[in-house]
$ cat input.cif   # mmCIF, C-alpha atoms
data_final
loop_
_atom_site.label_atom_id
_atom_site.label_comp_id
_atom_site.auth_asym_id
_atom_site.auth_seq_id
_atom_site.Cartn_x
_atom_site.Cartn_y
_atom_site.Cartn_z
CA MET A 29 3.10 17.63 -1.39
CA ALA A 30 4.17 17.60 -5.00
CA ASN A 31 2.79 20.00 -7.60
CA GLU A 32 -0.35 18.33 -8.98
CA SER A 33 0.91 18.28 -12.59
CA SER A 34 4.17 16.58 -11.54
CA VAL A 35 2.60 13.94 -9.27
CA VAL A 36 3.55 10.44 -10.43
CA ALA A 37 2.14 8.45 -7.50
CA ARG A 38 -0.46 8.89 -4.79
CA VAL A 39 -0.33 6.81 -1.64
CA VAL A 40 -2.63 6.47 1.36
CA LEU A 41 -1.16 5.01 4.55
CA GLN A 42 -3.20 3.50 7.36
CA GLN A 43 -1.78 1.98 10.53
CA CYS A 44 -3.53 -1.25 11.49
CA LEU A 45 -3.80 -3.88 14.18
CA HIS A 46 -4.93 -6.51 11.66
CA ALA A 47 -5.79 -6.45 7.97
CA ARG A 48 -7.14 -9.14 5.66
CA LEU A 49 -7.32 -8.71 1.89
CA GLN A 50 -9.11 -10.99 -0.56
CA VAL A 51 -6.73 -11.58 -3.46
CA LYS A 52 -8.89 -14.05 -5.38
CA PRO A 53 -12.69 -14.16 -5.29
CA PRO A 54 -14.50 -17.44 -4.73
CA ASP A 55 -15.66 -19.41 -7.75
CA VAL A 56 -17.64 -22.59 -8.30
CA GLU A 57 -14.71 -24.85 -7.35
CA ASN A 58 -12.67 -22.76 -4.91
CA GLU A 59 -13.13 -20.65 -1.83
CA ALA A 60 -11.83 -17.07 -1.81
CA GLU A 61 -8.09 -16.59 -1.22
CA TRP A 62 -6.91 -14.07 1.36
CA VAL A 63 -3.64 -12.57 2.61
CA GLU A 64 -3.40 -11.01 6.04
CA ILE A 65 -1.10 -9.12 8.34
CA ASN A 66 -1.16 -8.28 12.00
CA ARG A 67 0.15 -5.01 13.43
CA GLY A 68 1.68 -2.70 10.87
CA MET A 69 0.67 -0.55 7.95
CA VAL A 70 -1.64 -0.76 4.95
CA ILE A 71 -0.34 1.06 1.87
CA TYR A 72 -2.79 1.92 -0.91
CA VAL A 73 -0.87 2.93 -4.03
CA CYS A 74 -1.76 4.42 -7.43
CA PHE A 75 0.71 5.31 -10.19
CA PHE A 76 0.08 8.10 -12.69
CA LYS A 77 1.23 8.67 -16.26
CA GLY A 78 4.88 9.67 -16.21
CA ALA A 79 5.79 7.38 -13.29
CA THR A 80 8.99 5.40 -13.84
CA GLU A 81 11.08 2.88 -11.96
CA ASP A 82 13.25 5.78 -10.71
CA ILE A 83 10.62 6.88 -8.16
CA ILE A 84 10.11 3.48 -6.49
CA THR A 85 13.10 3.57 -4.13
CA LYS A 86 12.22 7.08 -2.94
CA ILE A 87 8.59 6.13 -2.26
CA VAL A 88 9.49 2.92 -0.41
CA ASN A 89 12.18 4.59 1.73
CA THR A 90 9.85 7.46 2.61
CA LEU A 91 6.90 5.24 3.52
CA LEU A 92 8.73 2.58 5.50
CA ASN A 93 10.77 5.12 7.50
CA MET A 94 7.93 7.58 8.20
CA LYS A 95 7.01 7.63 11.92
CA LEU A 96 3.32 6.80 11.56
CA CYS A 97 2.91 3.67 13.70
CA GLU A 98 1.78 4.18 17.28
CA THR A 99 3.69 2.26 19.95
CA ASP A 100 2.17 0.97 23.19
CA SER A 101 3.59 4.04 24.96
CA GLY A 102 1.78 6.39 22.55
CA LYS A 103 4.88 7.51 20.66
CA TYR A 104 5.14 7.15 16.90
CA THR A 105 7.72 5.11 15.06
CA SER A 106 8.32 3.69 11.59
CA VAL A 107 6.92 0.33 10.52
CA LEU A 108 10.54 -0.91 10.32
CA GLU A 109 11.26 0.11 13.93
CA LEU A 110 7.91 -1.07 15.33
CA PRO A 111 8.52 -3.76 13.86
CA GLY A 112 5.39 -4.24 11.79
CA SER A 113 4.10 -5.93 8.68
CA VAL A 114 2.99 -4.22 5.48
CA LEU A 115 -0.08 -4.87 3.33
CA ILE A 116 0.08 -3.26 -0.12
CA VAL A 117 -3.20 -2.63 -1.93
CA PRO A 118 -3.21 -1.43 -5.55
CA GLN A 119 -5.79 1.35 -5.64
CA ALA A 120 -6.41 2.89 -9.08
CA THR A 121 -9.31 4.92 -7.70
CA LEU A 122 -6.80 7.19 -5.93
CA GLY A 123 -6.20 8.68 -9.39
CA GLY A 124 -9.80 9.71 -9.92
CA LYS A 125 -10.97 13.23 -10.72
CA PRO A 126 -14.63 14.25 -10.51
CA LYS A 127 -16.32 14.90 -13.85
CA GLY A 128 -19.98 15.77 -13.51
CA LYS A 129 -21.51 13.11 -11.27
CA GLY A 130 -18.90 10.51 -12.12
CA MET A 131 -15.17 9.94 -11.81
CA GLN A 132 -12.54 9.81 -14.54
CA TYR A 133 -9.13 8.19 -14.34
CA HIS A 134 -7.33 9.69 -17.34
CA ALA A 135 -4.22 10.56 -15.29
CA ASN A 136 -3.60 6.93 -14.26
CA ILE A 137 -0.72 5.01 -15.78
CA GLY A 138 -1.50 2.30 -18.37
CA LYS A 139 -2.24 -1.15 -16.97
CA ASP A 140 0.94 -2.89 -18.22
CA ASP A 141 3.29 -0.16 -16.99
CA GLY A 142 1.35 0.11 -13.74
CA GLN A 143 1.62 -3.61 -13.17
CA LYS A 144 5.42 -3.48 -13.64
CA LEU A 145 5.78 -0.55 -11.21
CA TYR A 146 3.49 -2.25 -8.69
CA ALA A 147 5.56 -5.46 -8.82
CA SER A 148 8.73 -3.42 -8.34
CA PHE A 149 7.16 -1.50 -5.44
CA VAL A 150 6.21 -4.78 -3.71
CA ALA A 151 9.71 -6.22 -4.29
CA HIS A 152 11.38 -3.10 -2.87
CA CYS A 153 9.16 -3.21 0.23
CA GLU A 154 9.95 -6.92 0.72
CA LYS A 155 13.68 -6.19 0.39
CA GLU A 156 13.60 -3.34 2.93
CA LEU A 157 11.72 -5.41 5.51
CA SER A 158 14.10 -8.34 5.00
CA LEU A 159 17.08 -6.00 5.63
CA SER A 160 15.60 -4.80 8.93
CA CYS A 161 16.94 -6.88 11.83
CA LYS A 162 13.91 -6.00 13.98
CA CYS A 163 11.47 -7.11 11.25
CA THR A 164 13.39 -10.31 10.52
CA GLU A 165 13.57 -11.23 14.22
CA ALA A 166 9.87 -10.49 14.72
CA GLY A 167 8.85 -12.42 11.60
CA THR A 168 7.00 -9.48 10.04
CA ASP A 169 6.38 -9.57 6.32
CA VAL A 170 4.93 -7.92 3.26
CA LYS A 171 1.65 -9.10 1.79
CA HIS A 172 0.02 -7.61 -1.27
CA GLY A 173 -3.08 -7.53 -3.38
CA THR A 174 -3.50 -8.42 -7.03
CA TYR A 175 -2.99 -5.55 -9.48
CA GLY A 176 -6.01 -4.86 -11.67
CA ASN A 177 -8.54 -6.80 -9.57
CA ARG A 178 -11.24 -5.56 -7.24
CA GLN A 179 -10.43 -6.77 -3.74
CA VAL A 180 -12.26 -7.00 -0.42
CA LEU A 181 -10.46 -5.51 2.58
CA LYS A 182 -11.18 -6.11 6.26
CA LEU A 183 -9.32 -3.73 8.54
CA ASP A 184 -8.97 -3.35 12.31
CA THR A 185 -7.30 -0.13 13.41
CA ASN A 186 -6.39 1.59 16.63
CA GLY A 187 -7.73 4.84 15.23
CA PRO A 188 -8.29 6.36 11.80
CA TYR A 189 -4.69 7.53 11.57
CA THR A 190 -4.70 7.85 7.76
CA HIS A 191 -2.27 9.88 5.66
CA LEU A 192 -2.25 10.91 2.01
CA MET A 193 1.13 11.38 0.32
CA GLU A 194 2.02 12.35 -3.22
CA PHE A 195 5.31 11.81 -5.03
#

$ encode --input "input.cif" --output "structure tokens"
Amino acid sequence: MANESSVVARVVLQQCLHARLQVKPPDVENEAEWVEINRGMVIYVCFFKGATEDIITKIVNTLLNMKLCETDSGKYTSVLELPGSVLIVPQATLGGKPKGKGMQYHANIGKDDGQKLYASFVAHCEKELSLSCKCTEAGTDVKHGTYGNRQVLKLDTNGPYTHLMEF
């Protein structure tokens, strides 16, 4: 893990069998809008002050090539090799620090810069999956939440195989 003062992003990875994320809440005229994936990986991501575009490629390559997805035989492989889909969830609360009985988020990147990095992160993930022959053949894809909005997540897993990574 990175030295805490030099951390520019925190990510939580969770393998999943199915995940469904509400990207737009219901209103008077419309039902809620959802995105969903089947087998693959959910990536929760938070960027901190000091994060720049330079780190995106490293994060994406590390996450998508990490052997964290369980195969039917019980071995672990990357989401690209599985092949699996990816659901990206912006998660500012990963940047929280306890202060008294509450949480503070002073280390988080500003909203505009965070939104740009998040969009770049999503685009890089989409590009990597599209370059994977296994993913293209299997029709896997990248879905993502809406930056800056609270979202509802429904998740089915084959075990709480969750990992925290810092960059």

$ resolve_selection --input "input.cif" --expression "the PyMOL selection byres ((chain A and resi 38-46) around 7)" --output "list of chain:residue names"
A:Ala37, A:Ala47, A:Arg48, A:Ile65, A:Asn66, A:Arg67, A:Gly68, A:Met69, A:Val70, A:Ile71, A:Tyr72, A:Val73, A:Cys74, A:Phe75, A:Cys97, A:Leu122, A:Leu183, A:Asp184, A:Thr185, A:Asn186, A:Tyr189, A:Thr190, A:His191, A:Leu192, A:Met193, A:Glu194, A:Phe195

$ atom_distance --input "input.cif" --atom1 "CA of Ala147 (chain A)" --atom2 "CA of Leu91 (chain A)"
16.4 Å

$ resolve_selection --input "input.cif" --expression "the PyMOL selection byres ((chain A and resi 145) around 10)" --output "list in words"
Cys74, Phe75, Ala79, Thr80, Glu81, Asp82, Ile83, Ile84, Ile137, Lys139, Asp140, Asp141, Gly142, Gln143, Lys144, Tyr146, Ala147, Ser148, Phe149, Val150 and Ala151 of chain A

$ resolve_selection --input "input.cif" --expression "the PyMOL selection byres ((chain A and resi 176) around 8)" --output "PyMOL selection string"
chain A and resi 118+139+143+174-175+177-178

$ atom_distance --input "input.cif" --atom1 "CA of Asn93 (chain A)" --atom2 "CA of Asn136 (chain A)"
26.1 Å

$ atom_distance --input "input.cif" --atom1 "CA of Ala166 (chain A)" --atom2 "CA of Glu98 (chain A)"
16.9 Å

$ closest_residue --input "input.cif" --among "A:Lys77, A:Gly187, A:Ser160, A:Gly167" --to "Leu96 (chain A)" --atoms "all atoms listed in the file"
A:Gly187

$ closest_residue --input "input.cif" --among "A:Val51, A:Met94, A:Leu108, A:Ile116" --to "His172 (chain A)" --atoms "only C-alpha atoms"
A:Ile116

$ closest_residue --input "input.cif" --among "A:Ala135, A:Leu181, A:Cys153, A:Val63" --to "Val88 (chain A)" --atoms "only C-alpha atoms"
A:Cys153

$ residues_around --input "input.cif" --residues "Leu110 (chain A)" --least-positions-apart "3" --cutoff "8 Å" --atoms "only C-alpha atoms" --output "list in words"
Gly68, Cys97, Thr99, Thr105, Ser106, Val107 and Lys162 of chain A
